[in-house]
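In what follows, a single structure is set out as structure tokens and then discussed.
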Amino acid sequence: SATVDFFWEDRKDILVPNSATLPAVTSIPAGYVNKGRVKNHGYEIQLKWQDKKGDFFYSISPSVTFARNKIVERLEVEPLYPWLPTTGHGVGQPFGYEFFEFYNEGTEERYKAKYGADMPDQKINLKYGDAVFVDLNGDGEIDKNDTRAIGYTDTPELNYSLNLYFKYKGFDFSMLWIAADHVNRFLSTYYRDQFGSTNNSALVQWVADNSWTVDNQDAILPRISFDNRTHNNADSQIWLVNTAYGRLKNMEIGYTFYKPKRLSFFNSIRLYATGQNLLTFTSFKGNDPEAEGGHYERGVRYPLTRVYNFGVKVNF
């Protein structure tokens, strides 16, 4: 069997702030107007195949879901550069600096060789291991006009699942795999603000292991320091991690004794074992890829727990 659904949505008159339309000097408070518009489209495909060969029964059921949205209209201040507006991107699209490399010997020469211009003023006293960002507008300095859309949102565009089941006489087995792709998360607070805003918090081990040092110059995070921390921790490609994953969500195996001879007063006795969150495949090792990036106001998810259960089911 197969089920295929397509959807297309055009939502208009969404409430959006009107602050962009007010004069710079005014006593009129900002409000909301019905000037937003978002288009959303996607599909969902569910397949299932089941068959029986003698005493052997099996079922395979994969599915895939795709959904993408785009802001078509909203009130924004007229941008200086075409890469600045959120219109034309997805809802929740992350913006940040384009990362070049961590400052080291020869960074200036490598930047000029790639972009044909001198390395821009990063507005800090650069030290080895500090982040170097790309000057998008070519004015020779890094500021808010050099931020652009980077990566995907924290809502996966693609979701997959696979259900497997088979049974042979008294033996049965099932498993569920799930996966997500086209998804990024901004790491924040516990990951990005090393030692906390008041310098009295513990350092996350994953951050310590992946930060730039003289002995770890292939690191994915900038050096850990109190100076230049604001610059290094700015929204950029550094802190936007790929959280695509595949996971063995559930697996169960069991055996059923029908009308056991020595216990004939039972209709059946089933022995089974189950496991949850047994395997996870992802490039992000800092936490559960489904968890939030670390916002204080949203809470930080405790590392995912692997669970095993063993049981007996008796029918009279």
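Letters for chains follow the order of the structure tokens (A, B, ...), residue numbers begin at 1 for each chain, and ligand numbers begin at 1 in the order shown.
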Self-check item: Shell of 12 Å around region 197-199 of chain A, only C-alpha atoms, local chain residues under 5 positions omitted, as an MDAnalysis selection string
Solution: chainID A and resid 188:192 225:226 229:230 233 296
Selection export as a short mmCIF file (atom, residue, chain, number, x, y, z; two decimals), in the first residue's frame, atoms kept: N, CA and C atoms:
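Resulting contents of out_24.cif:
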data_model
loop_
_atom_site.label_atom_id
_atom_site.label_comp_id
_atom_site.auth_asym_id
_atom_site.auth_seq_id
_atom_site.Cartn_x
_atom_site.Cartn_y
_atom_site.Cartn_z
N SER A 188 24.16 27.95 22.20
CA SER A 188 24.09 29.18 22.99
C SER A 188 24.50 28.90 24.42
N THR A 189 24.42 29.89 25.25
CA THR A 189 24.65 29.87 26.71
C THR A 189 25.75 28.90 27.12
N TYR A 190 25.38 27.68 27.58
CA TYR A 190 26.34 26.75 28.15
C TYR A 190 27.47 26.39 27.18
N TYR A 191 27.20 26.44 25.90
CA TYR A 191 28.20 26.12 24.91
C TYR A 191 29.01 27.35 24.50
N ARG A 192 28.31 28.43 24.23
CA ARG A 192 28.97 29.59 23.64
C ARG A 192 29.55 30.55 24.67
N SER A 225 38.81 32.11 26.03
CA SER A 225 39.48 33.27 26.62
C SER A 225 38.44 34.22 27.17
N PHE A 226 38.89 35.11 28.05
CA PHE A 226 38.01 36.16 28.56
C PHE A 226 38.05 37.39 27.66
N ARG A 229 35.97 37.62 23.78
CA ARG A 229 34.90 36.63 23.88
C ARG A 229 33.65 37.08 23.15
N THR A 230 33.32 38.37 23.22
CA THR A 230 32.13 38.88 22.54
C THR A 230 32.25 38.68 21.04
N ASN A 233 32.10 34.87 20.13
CA ASN A 233 30.81 34.25 20.42
C ASN A 233 29.65 34.83 19.61
N TYR A 296 18.88 29.42 28.01
CA TYR A 296 18.48 29.34 29.41
C TYR A 296 16.95 29.31 29.53
#
Self-check item: Contacts of Asp235 (chain A) within 12 Å, only C-alpha atoms, excl. fewer than 5 positions in-chain, as a ChimeraX atom specification
Solution: /A:94-99,131,133,143-144,146-150,185-188,192-193,230,240-241
Export of the given selection (C-alpha atoms) as a CSV table (one decimal), in the first residue's frame:
chain,number,residue,atom,x,y,z
A,94,PRO,CA,19.4,31.9,11.3
A,95,PHE,CA,21.6,34.9,10.4
A,96,GLY,CA,25.2,35.4,11.2
A,97,TYR,CA,28.7,36.0,10.0
A,98,GLU,CA,30.4,33.9,7.4
A,99,PHE,CA,33.4,32.3,9.0
A,131,ALA,CA,37.5,34.0,14.6
A,133,PHE,CA,34.8,36.7,9.5
A,143,ASP,CA,29.8,44.9,11.4
A,144,LYS,CA,26.1,44.0,11.3
A,146,ASP,CA,28.2,41.5,7.0
A,147,THR,CA,25.6,39.1,8.4
A,148,ARG,CA,23.6,36.9,6.1
A,149,ALA,CA,21.4,33.8,6.1
A,150,ILE,CA,23.4,30.7,7.1
A,185,ARG,CA,20.9,24.6,15.7
A,186,PHE,CA,22.5,27.6,17.2
A,187,LEU,CA,24.6,26.7,20.2
A,188,SER,CA,24.1,29.2,23.0
A,192,ARG,CA,29.0,29.6,23.6
A,193,ASP,CA,29.3,31.7,26.8
A,230,THR,CA,32.1,38.9,22.5
A,240,LEU,CA,25.5,26.8,13.9
A,241,VAL,CA,25.9,23.0,14.1
Quiz item: Do you know which residues are at most 12 Å from region 102-106 of chain A counting only C-alpha atoms, after dropping those on the same chain fewer than 3 positions away, and could you put them as an MDAnalysis selection string?
Solution: chainID A and resid 99 109:113 119 122 124:134 211:214 216:223 232 238
Practice problem: May I have the residues within 9 Å of Leu203 (chain A) as a ChimeraX atom specification, using only C-alpha atoms and disregarding those fewer than 3 positions away in the same chain? | Solution: /A:190-191,194-196,206-208
Those same residues - N, CA, C and O atoms - I'd like them written as an mmCIF file, in the first residue's frame.
data_model
loop_
_atom_site.group_PDB
_atom_site.id
_atom_site.type_symbol
_atom_site.label_atom_id
_atom_site.label_comp_id
_atom_site.auth_asym_id
_atom_site.auth_seq_id
_atom_site.Cartn_x
_atom_site.Cartn_y
_atom_site.Cartn_z
ATOM 1 N N TYR A 190 25.383 27.683 27.580
ATOM 2 C CA TYR A 190 26.344 26.749 28.149
ATOM 3 C C TYR A 190 27.465 26.395 27.182
ATOM 4 O O TYR A 190 28.568 26.055 27.606
ATOM 5 N N TYR A 191 27.196 26.445 25.897
ATOM 6 C CA TYR A 191 28.204 26.116 24.908
ATOM 7 C C TYR A 191 29.010 27.353 24.502
ATOM 8 O O TYR A 191 30.232 27.319 24.431
ATOM 9 N N GLN A 194 31.400 30.663 27.472
ATOM 10 C CA GLN A 194 32.234 29.844 28.356
ATOM 11 C C GLN A 194 32.321 30.468 29.753
ATOM 12 O O GLN A 194 32.539 31.656 29.898
ATOM 13 N N PHE A 195 32.163 29.651 30.757
ATOM 14 C CA PHE A 195 32.207 30.032 32.172
ATOM 15 C C PHE A 195 31.031 30.894 32.599
ATOM 16 O O PHE A 195 30.985 31.362 33.744
ATOM 17 N N GLY A 196 30.063 31.138 31.691
ATOM 18 C CA GLY A 196 28.876 31.905 32.050
ATOM 19 C C GLY A 196 29.108 33.402 31.993
ATOM 20 O O GLY A 196 30.241 33.883 31.920
ATOM 21 N N TRP A 206 32.547 19.140 26.018
ATOM 22 C CA TRP A 206 32.588 19.125 24.552
ATOM 23 C C TRP A 206 33.208 20.404 24.017
ATOM 24 O O TRP A 206 33.956 20.379 23.028
ATOM 25 N N VAL A 207 32.933 21.547 24.666
ATOM 26 C CA VAL A 207 33.536 22.818 24.255
ATOM 27 C C VAL A 207 35.045 22.788 24.498
ATOM 28 O O VAL A 207 35.832 23.191 23.647
ATOM 29 N N ALA A 208 35.451 22.301 25.659
ATOM 30 C CA ALA A 208 36.882 22.226 25.970
ATOM 31 C C ALA A 208 37.620 21.344 24.966
ATOM 32 O O ALA A 208 38.726 21.676 24.520
#
Quiz item: With only C-alpha atoms as the basis for distance, which of A:Leu15, A:Leu176, A:Val312, A:Val183 is at the shortest distance from Thr243 (chain A)?
Solution: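 With only C-alpha atoms as the atom set, the closest residue is A:Val183.
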Spatial neighbours of Asn250 (chain A), 10 Å, only C-alpha atoms, chain gap at least 5 places, as a PDB file with all heavy atoms, in the first residue's frame:
ATOM      1  N   ASN A 163       9.655   1.362   9.888  1.00  0.00           N
ATOM      2  CA  ASN A 163       9.120   0.341  10.797  1.00  0.00           C
ATOM      3  C   ASN A 163       9.359  -1.040  10.201  1.00  0.00           C
ATOM      4  O   ASN A 163       8.995  -1.292   9.043  1.00  0.00           O
ATOM      5  CB  ASN A 163       7.612   0.546  11.004  1.00  0.00           C
ATOM      6  CG  ASN A 163       7.307   1.421  12.198  1.00  0.00           C
ATOM      7  OD1 ASN A 163       7.594   1.061  13.329  1.00  0.00           O
ATOM      8  ND2 ASN A 163       6.729   2.582  11.926  1.00  0.00           N
ATOM      9  N   SER A 174      10.592  -6.495  16.270  1.00  0.00           N
ATOM     10  CA  SER A 174      10.207  -5.225  15.637  1.00  0.00           C
ATOM     11  C   SER A 174      11.254  -4.162  15.965  1.00  0.00           C
ATOM     12  O   SER A 174      11.936  -4.232  16.998  1.00  0.00           O
ATOM     13  CB  SER A 174       8.829  -4.761  16.124  1.00  0.00           C
ATOM     14  OG  SER A 174       8.853  -4.465  17.508  1.00  0.00           O
ATOM     15  N   MET A 175      11.363  -3.190  15.076  1.00  0.00           N
ATOM     16  CA  MET A 175      12.243  -2.045  15.332  1.00  0.00           C
ATOM     17  C   MET A 175      11.725  -0.812  14.610  1.00  0.00           C
ATOM     18  O   MET A 175      11.045  -0.908  13.575  1.00  0.00           O
ATOM     19  CB  MET A 175      13.692  -2.329  14.923  1.00  0.00           C
ATOM     20  CG  MET A 175      13.914  -2.576  13.451  1.00  0.00           C
ATOM     21  SD  MET A 175      15.663  -2.530  12.965  1.00  0.00           S
ATOM     22  CE  MET A 175      16.425  -3.621  14.136  1.00  0.00           C
ATOM     23  N   LEU A 176      12.040   0.355  15.173  1.00  0.00           N
ATOM     24  CA  LEU A 176      11.656   1.645  14.583  1.00  0.00           C
ATOM     25  C   LEU A 176      12.893   2.513  14.471  1.00  0.00           C
ATOM     26  O   LEU A 176      13.576   2.782  15.469  1.00  0.00           O
ATOM     27  CB  LEU A 176      10.606   2.340  15.457  1.00  0.00           C
ATOM     28  CG  LEU A 176      10.304   3.808  15.107  1.00  0.00           C
ATOM     29  CD1 LEU A 176       9.700   3.913  13.702  1.00  0.00           C
ATOM     30  CD2 LEU A 176       9.369   4.424  16.143  1.00  0.00           C
ATOM     31  N   TRP A 177      13.190   2.940  13.247  1.00  0.00           N
ATOM     32  CA  TRP A 177      14.259   3.902  12.980  1.00  0.00           C
ATOM     33  C   TRP A 177      13.634   5.251  12.627  1.00  0.00           C
ATOM     34  O   TRP A 177      12.610   5.303  11.922  1.00  0.00           O
ATOM     35  CB  TRP A 177      15.123   3.450  11.808  1.00  0.00           C
ATOM     36  CG  TRP A 177      15.990   2.270  12.085  1.00  0.00           C
ATOM     37  CD1 TRP A 177      15.653   0.943  11.969  1.00  0.00           C
ATOM     38  CD2 TRP A 177      17.350   2.296  12.521  1.00  0.00           C
ATOM     39  NE1 TRP A 177      16.709   0.154  12.306  1.00  0.00           N
ATOM     40  CE2 TRP A 177      17.779   0.949  12.654  1.00  0.00           C
ATOM     41  CE3 TRP A 177      18.256   3.313  12.809  1.00  0.00           C
ATOM     42  CZ2 TRP A 177      19.067   0.611  13.056  1.00  0.00           C
ATOM     43  CZ3 TRP A 177      19.543   2.972  13.210  1.00  0.00           C
ATOM     44  CH2 TRP A 177      19.933   1.644  13.342  1.00  0.00           C
ATOM     45  N   ILE A 178      14.234   6.332  13.115  1.00  0.00           N
ATOM     46  CA  ILE A 178      13.800   7.675  12.727  1.00  0.00           C
ATOM     47  C   ILE A 178      15.039   8.480  12.331  1.00  0.00           C
ATOM     48  O   ILE A 178      16.164   8.171  12.756  1.00  0.00           O
ATOM     49  CB  ILE A 178      13.046   8.401  13.861  1.00  0.00           C
ATOM     50  CG1 ILE A 178      13.931   8.546  15.099  1.00  0.00           C
ATOM     51  CG2 ILE A 178      11.756   7.671  14.198  1.00  0.00           C
ATOM     52  CD1 ILE A 178      13.308   9.403  16.195  1.00  0.00           C
ATOM     53  N   THR A 274      12.774  -5.073  25.455  1.00  0.00           N
ATOM     54  CA  THR A 274      12.702  -3.878  24.603  1.00  0.00           C
ATOM     55  C   THR A 274      13.848  -2.940  24.938  1.00  0.00           C
ATOM     56  O   THR A 274      14.390  -2.945  26.050  1.00  0.00           O
ATOM     57  CB  THR A 274      11.366  -3.126  24.798  1.00  0.00           C
ATOM     58  OG1 THR A 274      11.303  -2.613  26.137  1.00  0.00           O
ATOM     59  CG2 THR A 274      10.180  -4.026  24.541  1.00  0.00           C
ATOM     60  N   GLY A 275      14.195  -2.128  23.962  1.00  0.00           N
ATOM     61  CA  GLY A 275      15.216  -1.101  24.157  1.00  0.00           C
ATOM     62  C   GLY A 275      14.804   0.168  23.451  1.00  0.00           C
ATOM     63  O   GLY A 275      14.222   0.121  22.362  1.00  0.00           O
ATOM     64  N   GLN A 276      15.090   1.310  24.059  1.00  0.00           N
ATOM     65  CA  GLN A 276      14.787   2.610  23.467  1.00  0.00           C
ATOM     66  C   GLN A 276      16.060   3.433  23.356  1.00  0.00           C
ATOM     67  O   GLN A 276      16.932   3.381  24.229  1.00  0.00           O
ATOM     68  CB  GLN A 276      13.753   3.363  24.314  1.00  0.00           C
ATOM     69  CG  GLN A 276      12.399   2.686  24.376  1.00  0.00           C
ATOM     70  CD  GLN A 276      11.415   3.462  25.235  1.00  0.00           C
ATOM     71  OE1 GLN A 276      11.775   4.365  25.964  1.00  0.00           O
ATOM     72  NE2 GLN A 276      10.143   3.074  25.165  1.00  0.00           N
ATOM     73  N   ASN A 277      16.151   4.188  22.265  1.00  0.00           N
ATOM     74  CA  ASN A 277      17.307   5.071  22.013  1.00  0.00           C
ATOM     75  C   ASN A 277      18.614   4.282  22.050  1.00  0.00           C
ATOM     76  O   ASN A 277      19.595   4.677  22.696  1.00  0.00           O
ATOM     77  CB  ASN A 277      17.356   6.206  23.042  1.00  0.00           C
ATOM     78  CG  ASN A 277      16.068   6.999  23.084  1.00  0.00           C
ATOM     79  OD1 ASN A 277      15.490   7.319  22.040  1.00  0.00           O
ATOM     80  ND2 ASN A 277      15.601   7.306  24.282  1.00  0.00           N
ATOM     81  N   LEU A 278      18.637   3.159  21.338  1.00  0.00           N
ATOM     82  CA  LEU A 278      19.786   2.259  21.394  1.00  0.00           C
ATOM     83  C   LEU A 278      20.973   2.779  20.607  1.00  0.00           C
ATOM     84  O   LEU A 278      22.121   2.614  21.026  1.00  0.00           O
ATOM     85  CB  LEU A 278      19.375   0.878  20.874  1.00  0.00           C
ATOM     86  CG  LEU A 278      18.263   0.182  21.672  1.00  0.00           C
ATOM     87  CD1 LEU A 278      17.913  -1.149  21.034  1.00  0.00           C
ATOM     88  CD2 LEU A 278      18.689  -0.018  23.121  1.00  0.00           C
ATOM     89  N   LEU A 279      20.730   3.398  19.462  1.00  0.00           N
ATOM     90  CA  LEU A 279      21.815   3.902  18.616  1.00  0.00           C
ATOM     91  C   LEU A 279      21.438   5.264  18.064  1.00  0.00           C
ATOM     92  O   LEU A 279      20.270   5.500  17.711  1.00  0.00           O
ATOM     93  CB  LEU A 279      22.075   2.942  17.446  1.00  0.00           C
ATOM     94  CG  LEU A 279      22.611   1.543  17.767  1.00  0.00           C
ATOM     95  CD1 LEU A 279      22.594   0.691  16.502  1.00  0.00           C
ATOM     96  CD2 LEU A 279      24.015   1.627  18.343  1.00  0.00           C
ATOM     97  N   VAL A 307      17.217   3.100  27.418  1.00  0.00           N
ATOM     98  CA  VAL A 307      16.349   2.362  28.334  1.00  0.00           C
ATOM     99  C   VAL A 307      16.200   0.921  27.855  1.00  0.00           C
ATOM    100  O   VAL A 307      15.959   0.666  26.672  1.00  0.00           O
ATOM    101  CB  VAL A 307      14.955   3.015  28.428  1.00  0.00           C
ATOM    102  CG1 VAL A 307      14.048   2.229  29.366  1.00  0.00           C
ATOM    103  CG2 VAL A 307      15.068   4.466  28.877  1.00  0.00           C
ATOM    104  N   TYR A 308      16.326  -0.025  28.811  1.00  0.00           N
ATOM    105  CA  TYR A 308      16.090  -1.442  28.537  1.00  0.00           C
ATOM    106  C   TYR A 308      14.960  -1.932  29.440  1.00  0.00           C
ATOM    107  O   TYR A 308      14.904  -1.593  30.629  1.00  0.00           O
ATOM    108  CB  TYR A 308      17.349  -2.269  28.817  1.00  0.00           C
ATOM    109  CG  TYR A 308      18.557  -1.873  28.004  1.00  0.00           C
ATOM    110  CD1 TYR A 308      19.503  -1.006  28.534  1.00  0.00           C
ATOM    111  CD2 TYR A 308      18.744  -2.373  26.721  1.00  0.00           C
ATOM    112  CE1 TYR A 308      20.625  -0.643  27.801  1.00  0.00           C
ATOM    113  CE2 TYR A 308      19.859  -2.014  25.970  1.00  0.00           C
ATOM    114  CZ  TYR A 308      20.792  -1.148  26.518  1.00  0.00           C
ATOM    115  OH  TYR A 308      21.899  -0.783  25.783  1.00  0.00           O
TER     116      TYR A 308
END
Self-check item: Surrounding residues of Val91 (chain A) excluding itself and chain neighbours under 3 positions, 12 Å, only C-alpha atoms, as a VMD selection string
Solution: chain A and resid 36 to 40 67 to 74 86 to 88 94 to 95 149 152 to 155 157
Quiz item: So, counting only C-alpha atoms, which residue among A:Lys261, A:Lys167, A:Lys114, A:Lys123 is closest to Lys52 (chain A)?
Solution: A:Lys167
Exercise. Write down as a VMD selection string the residues of region 38-169 of chain A whose backbone DSSP state falls under alpha helix (DSSP H).
Key: chain A and resid 107 to 115
Taking all heavy atoms for each residue, export the selection above as an mmCIF file, in the first residue's frame.
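What follows is the written file out06.cif:
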data_model
loop_
_atom_site.group_PDB
_atom_site.id
_atom_site.type_symbol
_atom_site.label_atom_id
_atom_site.label_comp_id
_atom_site.auth_asym_id
_atom_site.auth_seq_id
_atom_site.Cartn_x
_atom_site.Cartn_y
_atom_site.Cartn_z
ATOM 1 N N THR A 107 47.137 34.054 7.936
ATOM 2 C CA THR A 107 45.701 34.248 7.689
ATOM 3 C C THR A 107 45.460 35.383 6.706
ATOM 4 O O THR A 107 44.609 35.268 5.807
ATOM 5 C CB THR A 107 44.962 34.526 9.009
ATOM 6 O OG1 THR A 107 45.037 33.375 9.849
ATOM 7 C CG2 THR A 107 43.488 34.845 8.756
ATOM 8 N N GLU A 108 46.178 36.500 6.865
ATOM 9 C CA GLU A 108 45.986 37.654 5.963
ATOM 10 C C GLU A 108 46.247 37.268 4.512
ATOM 11 O O GLU A 108 45.483 37.634 3.607
ATOM 12 C CB GLU A 108 46.902 38.808 6.367
ATOM 13 C CG GLU A 108 46.541 39.480 7.675
ATOM 14 C CD GLU A 108 47.221 38.828 8.868
ATOM 15 O OE1 GLU A 108 47.743 37.701 8.718
ATOM 16 O OE2 GLU A 108 47.225 39.444 9.952
ATOM 17 N N GLU A 109 47.329 36.521 4.274
ATOM 18 C CA GLU A 109 47.664 36.121 2.902
ATOM 19 C C GLU A 109 46.616 35.168 2.331
ATOM 20 O O GLU A 109 46.230 35.272 1.164
ATOM 21 C CB GLU A 109 49.049 35.468 2.873
ATOM 22 C CG GLU A 109 50.216 36.404 3.137
ATOM 23 C CD GLU A 109 50.367 36.767 4.608
ATOM 24 O OE1 GLU A 109 49.718 36.092 5.466
ATOM 25 O OE2 GLU A 109 51.112 37.719 4.913
ATOM 26 N N ARG A 110 46.139 34.250 3.153
ATOM 27 C CA ARG A 110 45.131 33.300 2.668
ATOM 28 C C ARG A 110 43.807 34.003 2.383
ATOM 29 O O ARG A 110 43.102 33.645 1.427
ATOM 30 C CB ARG A 110 44.935 32.180 3.701
ATOM 31 C CG ARG A 110 46.104 31.210 3.773
ATOM 32 C CD ARG A 110 45.773 29.996 4.638
ATOM 33 N NE ARG A 110 45.647 30.353 6.048
ATOM 34 C CZ ARG A 110 46.662 30.397 6.908
ATOM 35 N NH1 ARG A 110 47.885 30.119 6.492
ATOM 36 N NH2 ARG A 110 46.465 30.703 8.177
ATOM 37 N N TYR A 111 43.459 34.975 3.193
ATOM 38 C CA TYR A 111 42.220 35.729 2.952
ATOM 39 C C TYR A 111 42.304 36.475 1.626
ATOM 40 O O TYR A 111 41.375 36.438 0.811
ATOM 41 C CB TYR A 111 41.959 36.704 4.101
ATOM 42 C CG TYR A 111 40.603 37.387 4.016
ATOM 43 C CD1 TYR A 111 39.525 36.904 4.742
ATOM 44 C CD2 TYR A 111 40.388 38.496 3.192
ATOM 45 C CE1 TYR A 111 38.272 37.502 4.661
ATOM 46 C CE2 TYR A 111 39.148 39.105 3.104
ATOM 47 C CZ TYR A 111 38.096 38.604 3.836
ATOM 48 O OH TYR A 111 36.861 39.212 3.748
ATOM 49 N N LYS A 112 43.439 37.169 1.401
ATOM 50 C CA LYS A 112 43.580 37.955 0.161
ATOM 51 C C LYS A 112 43.608 37.052 -1.058
ATOM 52 O O LYS A 112 43.056 37.389 -2.117
ATOM 53 C CB LYS A 112 44.839 38.808 0.222
ATOM 54 C CG LYS A 112 44.941 39.811 -0.921
ATOM 55 C CD LYS A 112 46.010 40.844 -0.674
ATOM 56 C CE LYS A 112 45.988 41.928 -1.756
ATOM 57 N NZ LYS A 112 46.985 42.989 -1.489
ATOM 58 N N ALA A 113 44.212 35.881 -0.930
ATOM 59 C CA ALA A 113 44.263 34.952 -2.058
ATOM 60 C C ALA A 113 42.869 34.446 -2.420
ATOM 61 O O ALA A 113 42.573 34.223 -3.598
ATOM 62 C CB ALA A 113 45.176 33.777 -1.714
ATOM 63 N N LYS A 114 41.997 34.291 -1.426
ATOM 64 C CA LYS A 114 40.662 33.761 -1.695
ATOM 65 C C LYS A 114 39.689 34.837 -2.156
ATOM 66 O O LYS A 114 38.892 34.600 -3.068
ATOM 67 C CB LYS A 114 40.115 33.075 -0.438
ATOM 68 C CG LYS A 114 38.744 32.447 -0.643
ATOM 69 C CD LYS A 114 38.305 31.628 0.560
ATOM 70 C CE LYS A 114 36.949 30.975 0.316
ATOM 71 N NZ LYS A 114 36.519 30.136 1.459
ATOM 72 N N TYR A 115 39.735 36.027 -1.533
ATOM 73 C CA TYR A 115 38.731 37.052 -1.810
ATOM 74 C C TYR A 115 39.257 38.235 -2.627
ATOM 75 O O TYR A 115 38.471 39.107 -2.999
ATOM 76 C CB TYR A 115 38.125 37.563 -0.497
ATOM 77 C CG TYR A 115 37.366 36.499 0.260
ATOM 78 C CD1 TYR A 115 37.934 35.865 1.364
ATOM 79 C CD2 TYR A 115 36.096 36.090 -0.135
ATOM 80 C CE1 TYR A 115 37.238 34.878 2.059
ATOM 81 C CE2 TYR A 115 35.399 35.107 0.550
ATOM 82 C CZ TYR A 115 35.990 34.503 1.647
ATOM 83 O OH TYR A 115 35.305 33.527 2.320
#
Quiz item: Out of region 85-281 of chain A, which residues get strand (DSSP E) from DSSP, as an MDAnalysis selection string?
Solution: chainID A and resid 95:97 99:102 131:133 147:149 158:168 171:181 184:186 240:242 245:258 268:281
Quiz item: What is the CA of Val314 (chain A)-CA of Ile269 (chain A) distance in Å, reported with one decimal?
Solution: 4.7 Å
